[in-house]
file run05.pdb (PDB, C-alpha atoms)
ATOM      1  CA  MET A   1      66.862  67.166 -83.823
ATOM      2  CA  LEU A   2      66.275  70.697 -82.585
ATOM      3  CA  VAL A   3      64.764  72.968 -85.224
ATOM      4  CA  ILE A   4      64.463  76.700 -84.636
ATOM      5  CA  PHE A   5      61.473  78.180 -86.436
ATOM      6  CA  GLU A   6      61.302  81.864 -87.118
ATOM      7  CA  GLY A   7      58.772  83.261 -84.666
ATOM      8  CA  THR A   8      59.612  80.734 -81.964
ATOM      9  CA  SER A   9      60.115  83.444 -79.352
ATOM     10  CA  GLN A  10      56.497  84.562 -79.788
ATOM     11  CA  VAL A  11      55.334  80.986 -79.351
ATOM     12  CA  GLU A  12      57.575  80.660 -76.311
ATOM     13  CA  THR A  13      55.990  83.761 -74.745
ATOM     14  CA  THR A  14      52.570  82.246 -75.346
ATOM     15  CA  VAL A  15      53.546  78.912 -73.776
ATOM     16  CA  ARG A  16      54.879  80.727 -70.691
ATOM     17  CA  ALA A  17      51.645  82.721 -70.403
ATOM     18  CA  VAL A  18      49.473  79.625 -70.801
ATOM     19  CA  LEU A  19      51.391  77.710 -68.118
ATOM     20  CA  ALA A  20      51.122  80.694 -65.772
ATOM     21  CA  ASP A  21      47.385  81.114 -66.437
ATOM     22  CA  ILE A  22      46.362  77.445 -66.240
ATOM     23  CA  LEU A  23      48.565  76.405 -63.334
ATOM     24  CA  GLY A  24      48.249  79.643 -61.379
ATOM     25  CA  LEU A  25      52.007  80.202 -61.376
ATOM     26  CA  SER A  26      53.515  83.674 -60.934
ATOM     27  CA  ALA A  27      54.949  85.515 -63.926
ATOM     28  CA  ASP A  28      58.374  85.450 -62.220
ATOM     29  CA  ARG A  29      58.252  81.715 -61.851
ATOM     30  CA  VAL A  30      57.454  81.003 -65.500
ATOM     31  CA  ALA A  31      59.948  83.669 -66.614
ATOM     32  CA  ALA A  32      62.612  81.528 -64.964
ATOM     33  CA  PHE A  33      61.725  78.423 -67.029
ATOM     34  CA  THR A  34      64.536  77.332 -69.321
ATOM     35  CA  PRO A  35      64.360  74.778 -72.142
ATOM     36  CA  ASP A  36      65.481  72.099 -69.668
ATOM     37  CA  THR A  37      62.942  72.915 -66.947
ATOM     38  CA  PRO A  38      61.000  69.676 -66.342
ATOM     39  CA  LEU A  39      57.203  69.926 -66.613
ATOM     40  CA  PHE A  40      54.943  66.853 -66.476
ATOM     41  CA  GLY A  41      55.933  64.736 -63.525
ATOM     42  CA  ALA A  42      57.904  67.562 -61.912
ATOM     43  CA  LEU A  43      55.257  70.258 -61.434
ATOM     44  CA  PRO A  44      52.577  69.027 -59.025
ATOM     45  CA  GLU A  45      50.145  71.551 -60.515
ATOM     46  CA  LEU A  46      50.459  69.878 -63.907
ATOM     47  CA  ASP A  47      48.273  66.808 -63.483
ATOM     48  CA  SER A  48      46.536  65.073 -66.381
ATOM     49  CA  MET A  49      43.479  67.335 -66.142
ATOM     50  CA  ALA A  50      45.702  70.422 -66.260
ATOM     51  CA  VAL A  51      47.515  68.953 -69.284
ATOM     52  CA  ALA A  52      44.188  68.847 -71.121
ATOM     53  CA  SER A  53      43.581  72.499 -70.232
ATOM     54  CA  VAL A  54      47.094  73.564 -71.270
ATOM     55  CA  LEU A  55      46.804  71.881 -74.666
ATOM     56  CA  THR A  56      43.355  73.314 -75.342
ATOM     57  CA  GLU A  57      44.410  76.816 -74.329
ATOM     58  CA  LEU A  58      47.482  76.547 -76.592
ATOM     59  CA  GLU A  59      45.194  75.490 -79.435
ATOM     60  CA  ASP A  60      42.952  78.489 -78.873
ATOM     61  CA  ARG A  61      45.759  81.050 -78.581
ATOM     62  CA  LEU A  62      47.964  79.761 -81.393
ATOM     63  CA  GLY A  63      45.173  78.723 -83.745
ATOM     64  CA  ILE A  64      46.417  75.138 -83.977
ATOM     65  CA  LEU A  65      44.817  71.718 -83.637
ATOM     66  CA  ILE A  66      46.496  69.011 -81.587
ATOM     67  CA  GLU A  67      45.475  65.438 -82.380
ATOM     68  CA  ASP A  68      45.173  62.869 -79.595
ATOM     69  CA  ASP A  69      47.912  60.722 -81.086
ATOM     70  CA  GLU A  70      50.341  63.651 -81.033
ATOM     71  CA  ILE A  71      50.151  63.875 -77.270
ATOM     72  CA  ASP A  72      52.926  61.931 -75.588
ATOM     73  CA  GLY A  73      55.158  62.185 -72.568
ATOM     74  CA  GLU A  74      58.050  63.587 -74.596
ATOM     75  CA  MET A  75      56.392  66.848 -75.662
ATOM     76  CA  LEU A  76      55.413  67.525 -72.056
ATOM     77  CA  GLU A  77      58.683  66.469 -70.481
ATOM     78  CA  THR A  78      60.388  69.870 -70.524
ATOM     79  CA  PHE A  79      59.496  73.480 -71.216
ATOM     80  CA  GLY A  80      61.755  73.374 -74.296
ATOM     81  CA  ALA A  81      60.008  70.277 -75.650
ATOM     82  CA  LEU A  82      56.574  71.879 -75.259
ATOM     83  CA  VAL A  83      57.710  75.090 -76.972
ATOM     84  CA  GLN A  84      59.278  73.058 -79.760
ATOM     85  CA  PHE A  85      56.037  71.122 -80.264
ATOM     86  CA  ALA A  86      53.861  74.234 -80.202
ATOM     87  CA  ALA A  87      56.189  76.034 -82.612
ATOM     88  CA  SER A  88      56.186  73.128 -85.047
ATOM     89  CA  LYS A  89      52.359  73.338 -85.180
ATOM     90  CA  ALA A  90      52.020  77.106 -85.173
ATOM     91  CA  LEU A  91      54.726  78.151 -87.578
ATOM     92  CA  VAL A  92      55.054  77.149 -91.178
TER
ATOM     93  CA  MET B  93      16.167  94.618 -50.519
ATOM     94  CA  THR B  94      19.318  94.261 -52.550
ATOM     95  CA  ALA B  95      21.254  91.566 -50.738
ATOM     96  CA  LEU B  96      21.526  88.020 -52.033
ATOM     97  CA  ARG B  97      18.443  85.923 -51.432
ATOM     98  CA  PHE B  98      17.371  82.426 -52.358
ATOM     99  CA  ASP B  99      14.308  81.902 -54.457
ATOM    100  CA  THR B 100      12.736  79.354 -56.782
ATOM    101  CA  TYR B 101      11.082  79.494 -60.160
ATOM    102  CA  ASP B 102       8.673  77.127 -61.862
ATOM    103  CA  TRP B 103       8.912  75.991 -65.418
ATOM    104  CA  SER B 104       6.822  73.434 -67.305
ATOM    105  CA  GLY B 105       9.176  70.652 -66.210
ATOM    106  CA  GLY B 106       9.422  71.435 -62.508
ATOM    107  CA  ARG B 107      10.765  73.852 -59.930
ATOM    108  CA  GLU B 108      14.349  74.995 -59.653
ATOM    109  CA  ALA B 109      16.376  77.092 -57.236
ATOM    110  CA  MET B 110      17.841  80.454 -58.066
ATOM    111  CA  LEU B 111      19.787  83.291 -56.452
ATOM    112  CA  ARG B 112      18.413  86.828 -56.597
ATOM    113  CA  PHE B 113      20.357  90.047 -56.298
ATOM    114  CA  GLY B 114      19.235  93.644 -56.235
ATOM    115  CA  ALA B 115      15.890  95.415 -56.070
ATOM    116  CA  ASP B 116      12.630  94.247 -57.613
ATOM    117  CA  ALA B 117      12.471  96.985 -60.229
ATOM    118  CA  GLY B 118      14.377  98.161 -63.277
ATOM    119  CA  PRO B 119      16.309  96.130 -65.805
ATOM    120  CA  ILE B 120      17.118  92.603 -64.710
ATOM    121  CA  VAL B 121      19.940  90.294 -65.729
ATOM    122  CA  VAL B 122      19.617  86.512 -66.097
ATOM    123  CA  ALA B 123      23.041  85.050 -65.472
ATOM    124  CA  ALA B 124      24.323  81.751 -66.842
ATOM    125  CA  LEU B 125      27.396  79.865 -65.706
ATOM    126  CA  PRO B 126      29.191  77.476 -68.055
ATOM    127  CA  LEU B 127      28.420  73.759 -68.074
ATOM    128  CA  PHE B 128      30.226  71.206 -65.946
ATOM    129  CA  GLU B 129      33.532  71.874 -64.205
ATOM    130  CA  GLU B 130      33.962  75.420 -65.516
ATOM    131  CA  ALA B 131      30.913  76.420 -63.469
ATOM    132  CA  ASN B 132      32.736  75.574 -60.270
ATOM    133  CA  ARG B 133      35.747  77.568 -61.417
ATOM    134  CA  THR B 134      33.763  80.700 -62.259
ATOM    135  CA  ARG B 135      30.844  80.736 -59.835
ATOM    136  CA  GLN B 136      32.431  83.022 -57.243
ATOM    137  CA  PHE B 137      33.626  85.284 -60.055
ATOM    138  CA  LEU B 138      30.128  85.561 -61.548
ATOM    139  CA  VAL B 139      28.467  86.115 -58.169
ATOM    140  CA  THR B 140      30.952  88.922 -57.475
ATOM    141  CA  ILE B 141      29.887  90.562 -60.732
ATOM    142  CA  LEU B 142      26.206  90.190 -59.821
ATOM    143  CA  ARG B 143      26.781  91.747 -56.403
ATOM    144  CA  ALA B 144      28.609  94.637 -58.056
ATOM    145  CA  LEU B 145      25.711  95.112 -60.486
ATOM    146  CA  ALA B 146      23.222  95.178 -57.605
ATOM    147  CA  VAL B 147      25.181  97.974 -55.954
ATOM    148  CA  ILE B 148      24.831 100.088 -59.112
ATOM    149  CA  GLY B 149      21.116  99.370 -59.435
ATOM    150  CA  ILE B 150      20.981  96.386 -61.745
ATOM    151  CA  SER B 151      19.124  93.359 -60.401
ATOM    152  CA  SER B 152      19.856  89.832 -61.440
ATOM    153  CA  VAL B 153      18.975  86.187 -61.020
ATOM    154  CA  LEU B 154      21.302  83.202 -61.227
ATOM    155  CA  PRO B 155      18.994  80.249 -61.866
ATOM    156  CA  ASP B 156      19.756  76.580 -61.550
ATOM    157  CA  LEU B 157      18.694  74.955 -64.791
ATOM    158  CA  PRO B 158      17.340  71.389 -64.855
ATOM    159  CA  GLY B 159      20.187  68.977 -64.210
ATOM    160  CA  ILE B 160      22.445  71.681 -62.743
ATOM    161  CA  GLY B 161      23.191  72.819 -59.197
ATOM    162  CA  GLU B 162      20.484  71.859 -56.704
ATOM    163  CA  SER B 163      18.228  70.436 -59.432
ATOM    164  CA  ILE B 164      16.659  67.069 -58.657
ATOM    165  CA  VAL B 165      17.144  66.157 -62.316
ATOM    166  CA  VAL B 166      20.283  64.024 -62.333
ATOM    167  CA  THR B 167      23.137  65.031 -64.614
ATOM    168  CA  GLY B 168      22.720  61.891 -66.677
ATOM    169  CA  GLU B 169      19.186  62.937 -67.591
ATOM    170  CA  ALA B 170      19.923  66.584 -68.294
ATOM    171  CA  ARG B 171      19.029  67.822 -71.765
ATOM    172  CA  LEU B 172      20.133  71.106 -73.255
ATOM    173  CA  ARG B 173      16.700  71.637 -74.762
ATOM    174  CA  ASP B 174      15.075  71.394 -71.316
ATOM    175  CA  GLN B 175      17.644  73.813 -69.936
ATOM    176  CA  ARG B 176      16.858  76.222 -72.769
ATOM    177  CA  THR B 177      13.119  75.862 -72.149
ATOM    178  CA  ALA B 178      13.470  76.501 -68.424
ATOM    179  CA  TYR B 179      15.632  79.558 -69.137
ATOM    180  CA  ALA B 180      13.132  80.910 -71.677
ATOM    181  CA  GLU B 181      10.143  80.388 -69.383
ATOM    182  CA  LEU B 182      11.931  82.094 -66.493
ATOM    183  CA  THR B 183      12.761  85.065 -68.729
ATOM    184  CA  GLN B 184       9.093  85.313 -69.670
ATOM    185  CA  GLN B 185       8.030  85.333 -66.014
ATOM    186  CA  LEU B 186      10.420  88.106 -65.032
ATOM    187  CA  GLY B 187       8.403  90.502 -67.134
ATOM    188  CA  ARG B 188      10.834  93.409 -67.157
ATOM    189  CA  ASN B 189      13.542  94.302 -69.676
ATOM    190  CA  THR B 190      15.668  91.204 -69.321
ATOM    191  CA  TYR B 191      19.318  90.885 -70.329
ATOM    192  CA  GLY B 192      21.146  87.587 -70.533
ATOM    193  CA  ILE B 193      24.763  87.505 -69.385
ATOM    194  CA  SER B 194      26.803  84.369 -69.751
ATOM    195  CA  ILE B 195      30.269  82.932 -69.320
ATOM    196  CA  ARG B 196      31.642  80.442 -71.859
ATOM    197  CA  SER B 197      29.135  77.614 -72.643
ATOM    198  CA  GLY B 198      26.559  79.480 -70.554
ATOM    199  CA  ALA B 199      25.924  81.241 -73.874
ATOM    200  CA  LEU B 200      24.220  78.060 -75.099
ATOM    201  CA  PHE B 201      21.224  78.355 -72.746
ATOM    202  CA  ASP B 202      19.566  81.636 -73.772
ATOM    203  CA  THR B 203      18.941  80.890 -77.449
ATOM    204  CA  ASP B 204      15.162  80.443 -77.095
ATOM    205  CA  ALA B 205      14.498  83.293 -74.669
ATOM    206  CA  ALA B 206      12.860  86.625 -75.455
ATOM    207  CA  LEU B 207      15.726  88.661 -74.048
ATOM    208  CA  THR B 208      16.180  92.370 -74.643
ATOM    209  CA  GLY B 209      19.891  91.737 -75.196
ATOM    210  CA  ARG B 210      22.729  89.281 -74.663
ATOM    211  CA  TRP B 211      26.172  89.854 -73.171
ATOM    212  CA  GLN B 212      28.608  86.977 -73.513
ATOM    213  CA  LEU B 213      32.037  86.479 -71.969
ATOM    214  CA  SER B 214      34.167  84.201 -74.125
ATOM    215  CA  PRO B 215      31.210  82.324 -75.686
ATOM    216  CA  GLN B 216      31.871  78.717 -76.557
ATOM    217  CA  THR B 217      30.121  76.393 -79.024
ATOM    218  CA  GLY B 218      28.832  72.971 -78.010
ATOM    219  CA  GLU B 219      31.320  71.406 -80.414
ATOM    220  CA  ASP B 220      34.280  73.069 -78.692
ATOM    221  CA  LEU B 221      32.891  72.059 -75.316
ATOM    222  CA  LEU B 222      32.665  68.427 -76.454
ATOM    223  CA  ARG B 223      36.212  68.540 -77.752
ATOM    224  CA  GLU B 224      37.418  69.660 -74.333
ATOM    225  CA  LEU B 225      35.332  67.024 -72.577
ATOM    226  CA  ASP B 226      36.767  64.316 -74.840
ATOM    227  CA  ARG B 227      40.259  65.551 -74.136
ATOM    228  CA  ALA B 228      39.678  65.605 -70.364
ATOM    229  CA  ARG B 229      38.284  62.093 -70.675
ATOM    230  CA  ALA B 230      41.371  60.909 -72.559
ATOM    231  CA  ALA B 231      43.666  62.633 -70.076
ATOM    232  CA  SER B 232      41.973  61.089 -67.081
ATOM    233  CA  GLN B 233      44.123  58.368 -65.641
ATOM    234  CA  SER B 234      41.581  56.976 -63.242
ATOM    235  CA  ALA B 235      39.392  54.095 -64.390
ATOM    236  CA  ARG B 236      36.390  55.422 -66.208
ATOM    237  CA  ALA B 237      33.099  54.616 -64.503
ATOM    238  CA  SER B 238      31.344  53.882 -67.799
ATOM    239  CA  ASP B 239      31.085  54.866 -71.426
ATOM    240  CA  THR B 240      28.999  57.822 -70.402
ATOM    241  CA  ASP B 241      31.488  59.168 -67.860
ATOM    242  CA  TYR B 242      33.110  62.458 -68.879
ATOM    243  CA  ALA B 243      35.565  63.544 -66.212
ATOM    244  CA  GLY B 244      33.092  62.675 -63.483
ATOM    245  CA  ASN B 245      30.021  63.913 -65.343
ATOM    246  CA  THR B 246      27.584  61.331 -66.649
ATOM    247  CA  LEU B 247      26.323  62.535 -69.982
ATOM    248  CA  SER B 248      23.560  60.836 -71.890
ATOM    249  CA  ARG B 249      23.872  60.157 -75.613
ATOM    250  CA  GLU B 250      21.037  62.633 -76.094
ATOM    251  CA  MET B 251      22.858  65.406 -74.224
ATOM    252  CA  LEU B 252      26.004  64.747 -76.237
ATOM    253  CA  ALA B 253      23.961  65.029 -79.418
ATOM    254  CA  ASP B 254      22.366  68.262 -78.103
ATOM    255  CA  LEU B 255      25.801  69.745 -77.489
ATOM    256  CA  ARG B 256      27.256  68.643 -80.811
ATOM    257  CA  ASP B 257      24.990  71.041 -82.705
ATOM    258  CA  ALA B 258      24.634  73.748 -80.091
ATOM    259  CA  THR B 259      25.781  77.269 -80.830
ATOM    260  CA  PRO B 260      25.170  80.563 -79.053
ATOM    261  CA  TYR B 261      22.304  82.812 -80.189
ATOM    262  CA  ALA B 262      22.814  84.255 -83.641
ATOM    263  CA  GLY B 263      19.554  86.152 -84.165
ATOM    264  CA  THR B 264      18.598  89.803 -83.982
ATOM    265  CA  GLY B 265      18.861  92.124 -81.028
ATOM    266  CA  PRO B 266      21.698  93.652 -79.036
ATOM    267  CA  LEU B 267      24.573  91.220 -78.632
ATOM    268  CA  ARG B 268      27.872  92.088 -76.961
ATOM    269  CA  GLY B 269      30.789  89.690 -77.147
ATOM    270  CA  VAL B 270      33.608  90.109 -74.656
ATOM    271  CA  ARG B 271      36.836  88.124 -74.804
ATOM    272  CA  LEU B 272      40.247  88.110 -73.172
ATOM    273  CA  GLU B 273      43.187  89.699 -74.944
ATOM    274  CA  SER B 274      44.865  86.299 -75.231
ATOM    275  CA  ASP B 275      41.899  85.061 -77.326
ATOM    276  CA  PRO B 276      42.343  85.712 -81.060
ATOM    277  CA  ARG B 277      38.628  85.237 -81.879
ATOM    278  CA  ASP B 278      36.293  88.148 -82.690
ATOM    279  CA  ALA B 279      34.834  90.271 -79.914
ATOM    280  CA  ASP B 280      33.338  93.700 -79.378
ATOM    281  CA  VAL B 281      35.921  94.323 -76.672
ATOM    282  CA  LYS B 282      38.850  92.453 -75.165
ATOM    283  CA  TYR B 283      40.240  92.727 -71.669
ATOM    284  CA  ALA B 284      43.637  91.672 -70.364
ATOM    285  CA  ALA B 285      42.987  88.898 -67.864
ATOM    286  CA  SER B 286      43.574  85.251 -67.109
ATOM    287  CA  PRO B 287      40.964  82.645 -68.117
ATOM    288  CA  LEU B 288      39.570  81.568 -64.741
ATOM    289  CA  TRP B 289      37.595  78.778 -66.396
ATOM    290  CA  ARG B 290      40.851  77.022 -67.262
ATOM    291  CA  ARG B 291      42.412  77.204 -63.806
ATOM    292  CA  SER B 292      42.698  73.901 -61.872
ATOM    293  CA  GLU B 293      41.109  75.418 -58.784
ATOM    294  CA  PRO B 294      38.222  77.864 -58.395
ATOM    295  CA  ASP B 295      39.519  81.413 -58.180
ATOM    296  CA  ASN B 296      38.379  85.004 -58.487
ATOM    297  CA  ASP B 297      39.561  88.162 -60.215
ATOM    298  CA  ILE B 298      38.160  91.133 -58.331
ATOM    299  CA  ALA B 299      39.650  93.721 -60.664
ATOM    300  CA  LEU B 300      38.079  92.044 -63.687
ATOM    301  CA  THR B 301      34.691  91.706 -61.968
ATOM    302  CA  GLN B 302      34.619  95.477 -61.460
ATOM    303  CA  ILE B 303      35.592  96.112 -65.083
ATOM    304  CA  LEU B 304      32.973  93.703 -66.391
ATOM    305  CA  ALA B 305      30.231  95.011 -64.093
ATOM    306  CA  GLY B 306      30.956  98.460 -65.519
ATOM    307  CA  ASP B 307      30.928  97.094 -69.062
ATOM    308  CA  ILE B 308      27.592  95.331 -68.522
ATOM    309  CA  SER B 309      26.073  98.384 -66.860
ATOM    310  CA  ASN B 310      27.130 100.733 -69.685
ATOM    311  CA  TRP B 311      25.900  98.294 -72.283
ATOM    312  CA  ILE B 312      22.492  97.893 -70.602
ATOM    313  CA  ALA B 313      22.198 101.675 -70.384
ATOM    314  CA  SER B 314      22.871 101.924 -74.124
ATOM    315  CA  CYS B 315      20.214  99.278 -74.811
ATOM    316  CA  GLU B 316      17.658 101.098 -72.647
ATOM    317  CA  ARG B 317      18.127 104.434 -74.418
TER
END

call {"tool": "encode", "arguments": {"input": "run05.pdb", "output": "structure tokens"}}
result
Amino acid sequence: MLVIFEGTSQVETTVRAVLADILGLSADRVAAFTPDTPLFGALPELDSMAVASVLTELEDRLGILIEDDEIDGEMLETFGALVQFAASKALV
Amino acid sequence: MTALRFDTYDWSGGREAMLRFGADAGPIVVAALPLFEEANRTRQFLVTILRALAVIGISSVLPDLPGIGESIVVTGEARLRDQRTAYAELTQQLGRNTYGISIRSGALFDTDAALTGRWQLSPQTGEDLLRELDRARAASQSARASDTDYAGNTLSREMLADLRDATPYAGTGPLRGVRLESDPRDADVKYAASPLWRRSEPDNDIALTQILAGDISNWIASCER
């Protein structure tokens, strides 16, 4: 089920910025990400070490805490899934 | 002689290597890289800052601490308290007005030193560092070498315990905290830049090094007044 939280666009901007910063991608490239853009498995820059960095940076910027058991392939599968996950943690 | 040169220093536990920049007079900076992988990602960046400081008349040293860099102490035997002792003894030996500058967990080393002031870029607590190490460990898909293997770093139980309680200096004296604009935590100033310590590959940010060298220089001048 797709839930739109108020404030999602701010979270989305943050997720784009984090991906750009951690993976060294250009602003143009991340600006072109759509909800269906595949991430883990599709971006060679996003290996398991980079995943750890992305999640920690999201925690720091959004003021959230991500538990180990919340991390699965689904939330990292697409840009939309990652934004959805981050928004569900960041927004009440 | 202001160009980079290699030197050593002695502390009660041995002799370590260090880089020296700038002249042998005036205020001197002791620089500290973060622990583990972030050091590799930010070394060139920090050295660029130190070179820039030398050009504007501020000398510096970038010491290896026991268990780091060229140290003959193996990583698995490194202890934060030894690293702090070595740092403090080096500071003592330098004799001049000494300012500590650090990046991320580098802020954990100068707590016992008699520094004139401390300048910290995105300081990190030992607890946060451990959290990231645990996460990198969980994310690692390759077979773990042992229970003490943290993303390729062998950490003793003692070092882990050291880090668990470690926080940056919280005593008296000039303290300047610098963070990136994307970081919501408190700071004296924030600059718009990318966190190099999080990048997969080592990188540099020349524009930011110039800004930070200026920031450090102005801050030292205000401390010397």

call {"tool": "closest_residue", "arguments": {"input": "run05.pdb", "among": "B:Pro287, B:Gly306, B:Gly118, B:Gly192", "to": "chain A", "atoms": "all atoms listed in the file"}}
result
B:Pro287

call {"tool": "resolve_selection", "arguments": {"input": "run05.pdb", "expression": "the ChimeraX specification (/A :<9) & /B", "output": "list in words"}}
result
Arg223, Glu224, Arg227, Ala228, Arg229, Ala230, Ala231, Ser232, Gln233, Ala243, Ser274, Asp275, Pro276, Arg277, Ser286, Pro287, Leu288, Trp289, Arg290, Arg291, Ser292 and Glu293 of chain B

call {"tool": "axis_aligned_box", "arguments": {"input": "run05.pdb", "around": "region 303-316 of chain B", "padding_each_side": "4 Å", "output": "lines of an AutoDock Vina configuration file"}}
result
center_x = 26.6
center_y = 97.8
center_z = -69.5
size_x = 25.9
size_y = 16.2
size_z = 18.7

call {"tool": "atom_distance", "arguments": {"input": "run05.pdb", "atom1": "CA of Leu300 (chain B)", "atom2": "CA of Ala285 (chain B)"}}
result
7.2 Å

call {"tool": "resolve_selection", "arguments": {"input": "run05.pdb", "expression": "the PyMOL selection byres ((chain B and resi 110) around 6)", "output": "PyMOL selection string"}}
result
chain B and resi 99-100+109+111+154-156

call {"tool": "residues_around", "arguments": {"input": "run05.pdb", "residues": "region 193-196 of chain B", "least_positions_apart": "3", "cutoff": "8 Å", "atoms": "all atoms listed in the file", "output": "PDB file with C-alpha atoms, in the frame of the given file"}}
result
ATOM      1  CA  VAL B 121      19.940  90.294 -65.729  1.00  0.00           C
ATOM      2  CA  VAL B 122      19.617  86.512 -66.097  1.00  0.00           C
ATOM      3  CA  ALA B 123      23.041  85.050 -65.472  1.00  0.00           C
ATOM      4  CA  ALA B 124      24.323  81.751 -66.842  1.00  0.00           C
ATOM      5  CA  LEU B 125      27.396  79.865 -65.706  1.00  0.00           C
ATOM      6  CA  PRO B 126      29.191  77.476 -68.055  1.00  0.00           C
ATOM      7  CA  ALA B 199      25.924  81.241 -73.874  1.00  0.00           C
ATOM      8  CA  ARG B 210      22.729  89.281 -74.663  1.00  0.00           C
ATOM      9  CA  TRP B 211      26.172  89.854 -73.171  1.00  0.00           C
ATOM     10  CA  GLN B 212      28.608  86.977 -73.513  1.00  0.00           C
ATOM     11  CA  LEU B 213      32.037  86.479 -71.969  1.00  0.00           C
ATOM     12  CA  SER B 214      34.167  84.201 -74.125  1.00  0.00           C
ATOM     13  CA  PRO B 215      31.210  82.324 -75.686  1.00  0.00           C
ATOM     14  CA  GLN B 216      31.871  78.717 -76.557  1.00  0.00           C
TER      15      GLN B 216
END

call {"tool": "atom_distance", "arguments": {"input": "run05.pdb", "atom1": "CA of Leu25 (chain A)", "atom2": "CA of Asp72 (chain A)"}}
result
23.2 Å

call {"tool": "closest_residue", "arguments": {"input": "run05.pdb", "among": "B:Arg173, B:Arg317, B:Arg143, B:Arg188", "to": "Glu250 (chain B)", "atoms": "all atoms listed in the file"}}
result
B:Arg173

call {"tool": "atom_distance", "arguments": {"input": "run05.pdb", "atom1": "CA of Arg249 (chain B)", "atom2": "CA of Arg107 (chain B)"}}
result
24.6 Å

call {"tool": "resolve_selection", "arguments": {"input": "run05.pdb", "expression": "the PyMOL selection byres ((chain B and resi 149) around 12)", "output": "VMD selection string"}}
result
chain B and resid 93 to 95 113 to 121 142 to 148 150 to 152 305 to 306 308 to 310 312 to 313

call {"tool": "residues_around", "arguments": {"input": "run05.pdb", "residues": "Ala258 (chain B)", "least_positions_apart": "2", "cutoff": "8 Å", "atoms": "all atoms listed in the file", "output": "list in words"}}
result
Leu200, Thr217, Gly218, Glu219, Asp254, Leu255, Arg256 and Pro260 of chain B

call {"tool": "residues_around", "arguments": {"input": "run05.pdb", "residues": "Thr13 (chain A)", "least_positions_apart": "5", "cutoff": "10 Å", "atoms": "all atoms listed in the file", "output": "JSON, numbers by chain"}}
result
{"A": [8, 18, 30, 31, 83]}

call {"tool": "closest_residue", "arguments": {"input": "run05.pdb", "among": "B:Tyr101, B:Thr301, B:Thr264, B:Leu172", "to": "Gln184 (chain B)", "atoms": "all atoms listed in the file"}}
result
B:Tyr101

call {"tool": "closest_residue", "arguments": {"input": "run05.pdb", "among": "B:Asp202, B:Asp297, B:Asp280, B:Glu273", "to": "Phe137 (chain B)", "atoms": "all atoms listed in the file"}}
result
B:Asp297

call {"tool": "residues_around", "arguments": {"input": "run05.pdb", "residues": "Pro35 (chain A)", "least_positions_apart": "2", "cutoff": "6 Å", "atoms": "all atoms listed in the file", "output": "list in words"}}
result
Thr37, Phe79 and Gly80 of chain A

call {"tool": "closest_residue", "arguments": {"input": "run05.pdb", "among": "A:Ser88, A:Glu74, A:Ser9, A:Arg29", "to": "Leu43 (chain A)", "atoms": "only C-alpha atoms"}}
result
A:Arg29
